[in-house]
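**Q** For reference, the structure I am asking about is given below.
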Amino acid sequence: MSDSYTHIVVLCEDKQQSVFVRRFLIKCGESRHNIYIKYSPPGLGAGEQFVREQYATELAGYRRRATILNVALVVMRDCDTRSLGETRATLEGAKRRRPNERVALLFPKRNIETWIHFLIDGGAVNETDPYPKLRGRESDCHAAVDRLAAKNEYRLSADVPSSLRAACPEIRRIFPEKRCVEPAE
Amino acid sequence: MLKRIYVDNFRCLVNFEWEPGPAHINLMLGPNGSGKTTVFECLEALRAFATGDAKLDDLFAASTLTQWQNVLTQSLEIDWEREGSVYRYEVAIVHNKNRTHREVAHERLSLEGKPLLRFEKGYVHLWGGEISKKTQVYPFAWKQSAMASLPTTALYSKHTWLKTALDRTTVLQIVPPMMDETSLQETTRPLRYFQNFVSWYRWISNDHGMAIRLEQELKEILPGFSHFKLESHGPEAKLLKAVFDHEGQKPVELSFSCLSDGQRMLIALYALLHSLRAQPEESDGDNQPTGLLCLDEPDNFIASREIQPWLTAIEDQLLEAKARLLLISHHPESIDYGLMPSTGETLSVFWFSREAGGHSRVQTLLPEQNGGLKPSELAARGWLGLGGQAPEEPAPAKKPPRRKITKLKQK
């Protein structure tokens, strides 16, 4: 199966996450016309709840289409104060993905702003405190995403937050051939 | 950046005031006939008047007067921000009793409250800009814009900045069946329904980089699309053709009118998107006004799966070009995912409404008011913009006080 998808569905919590993931996928060579993003519309309650509720539906949709199309599913959900394992367990429940499925689960901790802050500044961040949101200027994260997507060049520094380190194999899971986000040497 | 528009006595707009939000995309929602398109008509009328593109009689015909009142003066105002300072441009048109004749009652331009230009009673008063600091006064025509008549030179740069801003405003309600496939000459300005798309494309394709980027984008959207070709069609006209690769066979050339309405709509939308990037390059510096694009239901004609990619692409492009988009839409995809702000975010979604036979109103939409339903669902039910509050939980009923059970003393 190639790394160029006919459809990539992104399930995430809010606009910031959608901007981050879309930019990343485009920088990895995917066409914006093949990306469909689904995030919690405002007024529908917590974004994390939306992702949790929609995950089973999207996973089932992915499985049905994966037999005939080259599709991938990217899910992003903030950890907030939970651990990575806990966040993953509450998302997946009994619906565990299979080893060969092109399904990436990304769990920024504490939230996506932690990753953005680290990727922009490059310095150490903590995954406990919330970093300021880019409300109304979500696209300011583009520079951060571009660094993450710089294939074969980007090396994770020792300061990389654990949740971002955990995301690398997830990204390689959907882009095994592109070799983007190389692990630290 | 357009900060405010005020309109009085223009179709359904009576004493109407709207302040668009600061976001790159302002979404205008509301039922049919609520005045959204009329706001665009006013902007276009102001643009065409202030730049000298059209005649007063064509822009402010008697039919544009609010029909249910007998007022003969129409007023239009806009506030436009330029690096923290605000221009105000005001125009009043007065019609005669028979509504057969009209003229400019006044035209005023000011910056931060200080007058720059005023036309009243047949005379123009011009402040600043001239070598001498005296106010210039001269007679002027009653049916033209005094601002439009000023030359765009350094001497009048302060006066004509707003004219340039309005000139970079494009109001479009694209109707693919109305698009001509041929063009007699290049044009820099799209007509309202984009009838002259081919002529406009001839002009923008002079920027070869942009033309290549557009073709690359269209290759991803239109299966088999290869490139555009402008073919001579008579002594002066050009015919636009889209060339499609056909599985190893000879490429197929289709004239523009042979494409479907949806395909032509997509081509027009992506051409507009890529033309935005070209605008800052033309600018002389940061002081130059950036573009304002007003699109009326661009999601008509195109497939649902094309809406989100276009919205995200134009959002990125607007950011890069520092331009803004006022967007009228009824499509659930636009309402739910593309544009509704998150809670706490700067709000730039507006709800237009109108009581039966009355005038238009506008209000900011607050996502908190959705009450658990998607905004598009609320729109489909006619509930969007109604607001309302969640009913208060009834207070738990008070338990009756316990009676003291006193044992009757048995006698």
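Going by the structure tokens order, chains are called A, B, ..., each with residues numbered from 1, while ligands are numbered from 1 in the order shown.
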Near chain B, meaning an atom within 12 Å, which residues of chain A appear when counting only C-alpha atoms? Write them as a ChimeraX atom specification.

**A** /A:6-7,9,11-19,22-23,26,30-47,50,133-142

**Q** Next, the residues of the selection above should be written as a tab-separated table (two decimals), in the first residue's frame with N, CA and C atoms.

**A**
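Produced file result.tsv, reproduced below:
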chain	number	residue	atom	x	y	z
A	6	THR	N	-6.08	8.12	-1.22
A	6	THR	CA	-7.19	8.71	-1.96
A	6	THR	C	-8.08	9.49	-0.99
A	7	HIS	N	-8.11	9.06	0.25
A	7	HIS	CA	-8.90	9.77	1.26
A	7	HIS	C	-8.20	9.67	2.62
A	9	VAL	N	-9.23	10.75	6.51
A	9	VAL	CA	-10.22	11.37	7.40
A	9	VAL	C	-9.50	11.74	8.69
A	11	LEU	N	-10.14	13.06	12.49
A	11	LEU	CA	-11.13	13.28	13.54
A	11	LEU	C	-10.41	13.98	14.69
A	12	CYS	N	-10.84	15.16	15.03
A	12	CYS	CA	-10.14	15.89	16.09
A	12	CYS	C	-11.10	16.77	16.87
A	13	GLU	N	-10.54	17.45	17.86
A	13	GLU	CA	-11.39	18.16	18.81
A	13	GLU	C	-11.85	19.54	18.35
A	14	ASP	N	-10.92	20.28	17.77
A	14	ASP	CA	-11.26	21.68	17.48
A	14	ASP	C	-10.50	22.19	16.26
A	15	LYS	N	-10.70	23.48	16.00
A	15	LYS	CA	-10.11	24.09	14.81
A	15	LYS	C	-8.58	24.07	14.86
A	16	GLN	N	-8.01	24.33	16.04
A	16	GLN	CA	-6.56	24.36	16.15
A	16	GLN	C	-5.95	23.01	15.75
A	17	GLN	N	-6.53	21.95	16.27
A	17	GLN	CA	-6.02	20.63	15.91
A	17	GLN	C	-6.20	20.37	14.42
A	18	SER	N	-7.33	20.80	13.88
A	18	SER	CA	-7.59	20.55	12.45
A	18	SER	C	-6.58	21.29	11.58
A	19	VAL	N	-6.24	22.52	11.96
A	19	VAL	CA	-5.26	23.30	11.20
A	19	VAL	C	-3.89	22.64	11.27
A	22	ARG	N	-4.01	19.18	9.27
A	22	ARG	CA	-4.15	19.40	7.82
A	22	ARG	C	-2.83	19.89	7.23
A	23	ARG	N	-2.22	20.85	7.91
A	23	ARG	CA	-0.96	21.38	7.41
A	23	ARG	C	0.10	20.27	7.35
A	26	ILE	N	-0.55	17.95	4.40
A	26	ILE	CA	-0.22	18.61	3.13
A	26	ILE	C	1.30	18.67	2.96
A	30	GLU	N	0.34	15.08	0.87
A	30	GLU	CA	-1.05	14.71	0.56
A	30	GLU	C	-1.79	15.91	-0.02
A	31	SER	N	-2.72	15.62	-0.92
A	31	SER	CA	-3.50	16.70	-1.52
A	31	SER	C	-4.58	17.15	-0.55
A	32	ARG	N	-4.77	18.46	-0.46
A	32	ARG	CA	-5.82	18.95	0.45
A	32	ARG	C	-7.20	18.48	-0.01
A	33	HIS	N	-7.28	18.11	-1.27
A	33	HIS	CA	-8.58	17.66	-1.80
A	33	HIS	C	-8.93	16.25	-1.32
A	34	ASN	N	-7.95	15.56	-0.78
A	34	ASN	CA	-8.21	14.19	-0.30
A	34	ASN	C	-8.35	14.14	1.22
A	35	ILE	N	-8.30	15.29	1.85
A	35	ILE	CA	-8.38	15.33	3.32
A	35	ILE	C	-9.77	15.79	3.74
A	36	TYR	N	-10.40	15.01	4.58
A	36	TYR	CA	-11.68	15.44	5.13
A	36	TYR	C	-11.53	15.55	6.64
A	37	ILE	N	-11.81	16.72	7.16
A	37	ILE	CA	-11.62	16.95	8.59
A	37	ILE	C	-12.97	17.05	9.29
A	38	LYS	N	-13.03	16.36	10.40
A	38	LYS	CA	-14.27	16.37	11.18
A	38	LYS	C	-13.89	16.78	12.60
A	39	TYR	N	-14.37	17.91	13.02
A	39	TYR	CA	-14.12	18.30	14.42
A	39	TYR	C	-15.38	18.81	15.06
A	40	SER	N	-15.33	18.88	16.35
A	40	SER	CA	-16.54	19.18	17.09
A	40	SER	C	-17.07	20.57	16.77
A	41	PRO	N	-18.27	20.64	16.21
A	41	PRO	CA	-18.83	21.98	15.98
A	41	PRO	C	-19.10	22.66	17.31
A	42	PRO	N	-18.88	23.96	17.39
A	42	PRO	CA	-19.11	24.66	18.64
A	42	PRO	C	-20.57	24.49	19.09
A	43	GLY	N	-20.73	24.45	20.37
A	43	GLY	CA	-22.08	24.33	20.89
A	43	GLY	C	-22.49	22.89	21.11
A	44	LEU	N	-21.63	21.97	20.68
A	44	LEU	CA	-21.98	20.55	20.85
A	44	LEU	C	-21.30	19.95	22.07
A	45	GLY	N	-20.73	20.74	22.90
A	45	GLY	CA	-20.11	20.21	24.10
A	45	GLY	C	-18.62	20.03	23.92
A	46	ALA	N	-18.01	19.26	24.85
A	46	ALA	CA	-16.56	19.11	24.87
A	46	ALA	C	-16.06	18.40	23.62
A	47	GLY	N	-14.94	18.90	23.09
A	47	GLY	CA	-14.35	18.30	21.90
A	47	GLY	C	-13.87	16.90	22.15
A	50	PHE	N	-16.66	14.53	21.87
A	50	PHE	CA	-17.04	14.37	20.46
A	50	PHE	C	-16.14	13.34	19.79
A	133	LYS	N	-3.50	29.54	23.98
A	133	LYS	CA	-4.13	29.12	22.72
A	133	LYS	C	-3.96	30.20	21.67
A	134	LEU	N	-4.02	29.78	20.39
A	134	LEU	CA	-3.88	30.74	19.28
A	134	LEU	C	-5.26	31.07	18.72
A	135	ARG	N	-6.17	31.41	19.58
A	135	ARG	CA	-7.55	31.63	19.14
A	135	ARG	C	-7.64	32.71	18.08
A	136	GLY	N	-8.31	32.37	16.99
A	136	GLY	CA	-8.49	33.35	15.91
A	136	GLY	C	-7.30	33.44	14.98
A	137	ARG	N	-6.16	32.87	15.36
A	137	ARG	CA	-4.98	32.87	14.49
A	137	ARG	C	-4.33	31.49	14.55
A	138	GLU	N	-5.18	30.50	14.33
A	138	GLU	CA	-4.74	29.10	14.42
A	138	GLU	C	-3.61	28.80	13.43
A	139	SER	N	-3.63	29.52	12.30
A	139	SER	CA	-2.63	29.23	11.27
A	139	SER	C	-1.22	29.65	11.69
A	140	ASP	N	-1.10	30.35	12.81
A	140	ASP	CA	0.23	30.69	13.30
A	140	ASP	C	1.05	29.44	13.65
A	141	CYS	N	0.37	28.31	13.73
A	141	CYS	CA	1.09	27.07	14.05
A	141	CYS	C	1.80	26.50	12.83
A	142	HIS	N	1.59	27.08	11.65
A	142	HIS	CA	2.15	26.49	10.42
A	142	HIS	C	3.67	26.29	10.49

**Q** Name all residues at most 7 Å from segment 156-169 of chain B (count only C-alpha atoms; drop same-chain ones fewer than 4 positions away) and give them as a list in words.

**A**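 Counting only the stated atoms, we get Arg47, Ala50, Thr51, Leu116, Gly129, Pro151, Thr152, Pro289, Thr290, Gly291, Leu292 and Leu293 of chain B.
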
**Q** What's around Asp146 of chain A at 12 Å? Count only C-alpha atoms, leave out sequence neighbours fewer than 2 positions away in its own chain, and write the answer as a count of residues only.

**A** 27

**Q** Could you tell me how far atom CA of Gln74 of chain B lies from atom CA of Ala105 of chain B, in Å and to one decimal?

**A**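 Separating atom CA of Gln74 of chain B from atom CA of Ala105 of chain B is a distance of 9.2 Å.
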
**Q** So how far away is atom CA of Ile174 of chain B from atom CA of Arg192 of chain B, in Å?

**A**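 Value for the atom CA of Arg192 of chain B-atom CA of Ile174 of chain B distance: 7.2 Å.
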
**Q** Give me the residues near Leu259 of chain B as a VMD selection string, where near means some atom within 10 Å (using only C-alpha atoms) and where sequence neighbours in that chain fewer than 4 positions away do not count.

**A** chain B and resid 176 241 to 242 254 to 255 263 to 265

**Q** Identify, with DSSP run on backbone atoms, the residues in chain A assigned to strand (DSSP E), and express the list as JSON, numbers by chain.

**A** {"A": [7, 8, 9, 10, 11, 12, 35, 36, 37, 38, 39, 71, 72, 73, 74, 75, 76, 103, 104, 105, 106]}

**Q** Where in segment 91-203 of chain B does DSSP assign alpha helix (DSSP H), given as a PyMOL selection string?

**A** chain B and resi 146-149+157-167+197-203

**Q** Would you pick out the contacts of His117 of chain A at 9 Å or less, using only C-alpha atoms, so that residues sharing its chain but fewer than 4 positions from it are not included, and give the list as an MDAnalysis selection string?

**A** chainID A and resid 112:113 121:123 125 131:132 141 144

**Q** Just how far from atom CA of Ala356 of chain B is atom CA of Glu377 of chain B, in Å to one decimal?

**A**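 It comes out at 23.2 Å.
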
**Q** Can you tell me, as a VMD selection string, what residues are no more than 9 Å from Arg277 of chain B when counting only C-alpha atoms, ignoring any on the same chain fewer than 4 positions away?

**A** chain B and resid 210 273 281 317 to 318 320 to 321

**Q** Only C-alpha atoms, please: the residues just picked out, written as a CSV table (one decimal), in the first residue's frame.

**A**
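So result-v5.csv came out as:
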chain,number,residue,atom,x,y,z
B,210,MET,CA,-0.2,32.0,-11.0
B,273,LEU,CA,-8.3,32.1,-4.8
B,281,GLU,CA,2.9,41.8,-5.3
B,317,GLN,CA,-4.6,32.2,1.0
B,318,LEU,CA,-6.4,35.1,2.7
B,320,GLU,CA,-1.0,35.1,3.1
B,321,ALA,CA,-2.5,37.9,1.1

**Q** B:Gln67, B:Thr73, B:Ser257, B:Ser85: which is nearest Leu2 of chain B, counting only C-alpha atoms?

**A**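 Closest to Leu2 of chain B of all the choices is B:Ser85.
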
**Q** Can you work out which one of B:Trp203, B:Tyr6, B:Phe60, B:Tyr193 has the shortest atom-to-atom distance to Arg88 of chain B, counting only C-alpha atoms?

**A** B:Tyr6

**Q** Could you tell me which of B:Lys219, B:Lys238, B:Arg213, B:Arg361 comes closest to Glu186 of chain B if we count only C-alpha atoms?

**A**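 Among the listed residues, the smallest separation from Glu186 of chain B belongs to B:Lys238.
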